[in-house]
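Report on one structure; see the data block that follows.
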Amino acid sequence: MDNTTDSGTSLPQPSAGRYPDAHATLDVWCDLQCPDCHRAQGDLRALRERYGDGMEIRLRHFPLEKNKHAYAAAQAFEEAYEQGKGEEYGEALLARTEQLGERGEELLVELARELGLDAEEFSSALIDGRHLLAVDADQAEGKAIGVTGTPTYVIDGQRLDGGKSQEGLRERIEEIADRLLGR
């Protein structure tokens with residue numbers, strides 16, 4: 001399998017991660033304040049439903065400069081993940097991208113409370129920056145493989161850019177996943 005882009009940059013290799021039985025890994029480079037990432041949630045839910053544990057879907061951080069609260073949102077996601085509800089937090093936050101733009105960190109902590117997370121720990125994490133390295137590492141890796149916008153998908157070494165249009169991307173991801181999973 002050739003895991004390189006047209007520029008010769010190596011793309012991330014699939015790993016067992018949280019789903020050791022998965023045979024396909026989809027990395028989703030995401031800005032949690034991005035309206036396009038919000039719209040992509042329907043496709044991601046459909047992929048989760050279709051493949052279950054056969055496909056690991058990993059959110060990778062790529063906060064865009066134009067979105068004032070995206071970097072803090074990425075750190076908040078990491079704290080939610082550490083507290084056991086990363087996926088739920090990410091989905092709930094992407095459902096409120098407009099509110100995030102208006103309310104910022106106040107919304108991040110409020111959402112943590114709504115999901116039963118430790119809101120005080122959340123606030124501390126946003127202040128002390130304990131998740132900065134994870135966010136920065138994802139963003140650096142994204143830049144290294146040519147991610148320029150969100151959402152961008154990587155499956156089986158192929159980068160699919162969804163920032164301009166989601167049209168046909170789920171079908172392309174399904175074709176690749178079906179091949180990987182022998183369907």
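Ligands are numbered from 1 in the order shown, chains are lettered A, B, ... in the order of the structure tokens, and residues start at 1 in each chain.
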Report task. Give the alpha helix (DSSP H) residues of segment 19-95 of chain A, as assigned by DSSP on the backbone, as a ChimeraX atom specification. Result -> /A:35-51,70-82,86-94
Quick one: pick out all strand (DSSP E) residues within chain A from a backbone DSSP run and write them as a list of chain:residue names.
-> A:Ala24, A:Thr25, A:Leu26, A:Asp27, A:Val28, A:Trp29, A:Cys30, A:Met55, A:Glu56, A:Ile57, A:Arg58, A:Leu59, A:Arg60, A:His61, A:Thr152, A:Tyr153, A:Val154, A:Ile155, A:Gln158, A:Arg159, A:Leu160, A:Asp161
Using only C-alpha atoms, find each residue of segment 100-123 of chain A with at least one atom at most 9 Å away from an atom of segment 63-83 of chain A; report its shortest atom-to-atom pair and that distance in Å (one decimal), sort the rows by chain and rising residue number, and return the result as a tab-separated table.
```
residue	atom	partner	partner_atom	distance
A:Leu100	CA	A:His69	CA	6.9
A:Gly101	CA	A:His69	CA	6.6
A:Arg103	CA	A:His69	CA	8.9
A:Gly104	CA	A:His69	CA	5.6
A:Glu105	CA	A:Ala72	CA	7.1
A:Leu108	CA	A:Ala76	CA	6.7
A:Val109	CA	A:Ala76	CA	8.2
A:Ala112	CA	A:Ala80	CA	7.4
A:Leu117	CA	A:Gln83	CA	6.8
A:Asp118	CA	A:Gln83	CA	7.9
A:Glu121	CA	A:Glu79	CA	8.3
A:Phe122	CA	A:Glu79	CA	6.4
A:Ser123	CA	A:Ala76	CA	8.8
```
Same residues, N, CA and C atoms, output as a compact mmCIF listing (two decimals), in the first residue's frame:
```
# COMPACT_ATOMS: atom_id res chain seq x y z
N LEU A 100 -20.84 28.41 19.60
CA LEU A 100 -19.44 28.46 20.02
C LEU A 100 -18.80 29.77 19.55
N GLY A 101 -19.12 30.17 18.34
CA GLY A 101 -18.60 31.44 17.82
C GLY A 101 -19.03 32.63 18.66
N ARG A 103 -20.24 32.40 22.05
CA ARG A 103 -20.05 32.28 23.50
C ARG A 103 -18.70 31.76 23.94
N GLY A 104 -17.95 31.14 23.05
CA GLY A 104 -16.60 30.69 23.37
C GLY A 104 -16.50 29.70 24.50
N GLU A 105 -15.52 29.93 25.38
CA GLU A 105 -15.21 28.97 26.43
C GLU A 105 -16.36 28.75 27.40
N LEU A 108 -18.12 25.84 26.13
CA LEU A 108 -17.34 24.61 26.29
C LEU A 108 -17.55 23.99 27.67
N VAL A 109 -17.53 24.83 28.70
CA VAL A 109 -17.71 24.34 30.07
C VAL A 109 -19.17 23.97 30.32
N ALA A 112 -19.84 20.61 28.95
CA ALA A 112 -19.26 19.58 29.82
C ALA A 112 -20.23 19.25 30.96
N LEU A 117 -19.81 15.75 32.80
CA LEU A 117 -18.37 15.75 32.98
C LEU A 117 -18.00 16.68 34.14
N ASP A 118 -16.79 16.56 34.62
CA ASP A 118 -16.29 17.40 35.70
C ASP A 118 -15.96 18.77 35.13
N GLU A 121 -12.76 20.55 36.39
CA GLU A 121 -11.56 19.99 35.76
C GLU A 121 -11.44 20.51 34.32
N PHE A 122 -12.57 20.66 33.68
CA PHE A 122 -12.61 21.21 32.32
C PHE A 122 -12.02 22.61 32.30
N SER A 123 -12.52 23.46 33.21
CA SER A 123 -12.02 24.84 33.30
C SER A 123 -10.52 24.85 33.56
```
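Considering the residues A:Val28, A:Asp43, A:Gly54, A:Gln99 and counting only C-alpha atoms, Gly142 of chain A has its shortest atom-to-atom contact with A:Val28.
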For Arg96 of chain A: contacts at 12 Å, only C-alpha atoms, fewer than 4 positions along chain excluded, given as a ChimeraX atom specification: /A:32-35,37-39,73,89-92,100-104,107-108,110-111
Print the selection's residues with C-alpha atoms to a file, as a JSON list (two decimals), in the first residue's frame.
```json
[["chain", "number", "residue", "atom", "x", "y", "z"],
["A", 32, "LEU", "CA", -14.83, 21.97, 16.03],
["A", 33, "GLN", "CA", -16.12, 25.45, 15.14],
["A", 34, "CYS", "CA", -16.34, 24.69, 11.40],
["A", 35, "PRO", "CA", -19.82, 24.67, 9.82],
["A", 37, "CYS", "CA", -17.50, 19.79, 9.93],
["A", 38, "HIS", "CA", -20.94, 20.21, 11.47],
["A", 39, "ARG", "CA", -22.57, 19.24, 8.16],
["A", 73, "ALA", "CA", -12.60, 23.65, 21.54],
["A", 89, "TYR", "CA", -18.73, 15.92, 23.41],
["A", 90, "GLY", "CA", -17.46, 16.35, 19.86],
["A", 91, "GLU", "CA", -20.87, 15.63, 18.34],
["A", 92, "ALA", "CA", -22.65, 17.94, 20.79],
["A", 100, "LEU", "CA", -19.44, 28.46, 20.02],
["A", 101, "GLY", "CA", -18.60, 31.44, 17.82],
["A", 102, "GLU", "CA", -20.76, 33.66, 20.02],
["A", 103, "ARG", "CA", -20.05, 32.28, 23.50],
["A", 104, "GLY", "CA", -16.60, 30.69, 23.37],
["A", 107, "LEU", "CA", -20.17, 27.15, 26.06],
["A", 108, "LEU", "CA", -17.34, 24.61, 26.29],
["A", 110, "GLU", "CA", -21.52, 24.46, 29.94],
["A", 111, "LEU", "CA", -21.55, 21.55, 27.50]]
```
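Distances to Leu115 of chain A were evaluated for A:Leu26, A:Leu93, A:Leu132, A:Ile127 using only C-alpha atoms, and the minimum falls at A:Leu93.
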What lies within 10 Å of Arg170 of chain A using only C-alpha atoms, ignoring chain neighbours under 2 positions off, as a count of residues only?
-> 17
Proximity to Leu169 of chain A - best of A:Gly182, A:Val154, A:Gly116, A:Gly146, only C-alpha atoms:
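Of the candidates, the smallest distance to Leu169 of chain A is held by A:Val154.
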**Asked** A:Arg50, A:Ala119, A:Leu181, A:Glu56: which is nearest Glu106 of chain A, counting only C-alpha atoms?
**Response**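 For Glu106 of chain A, the nearest of the candidates is A:Ala119.
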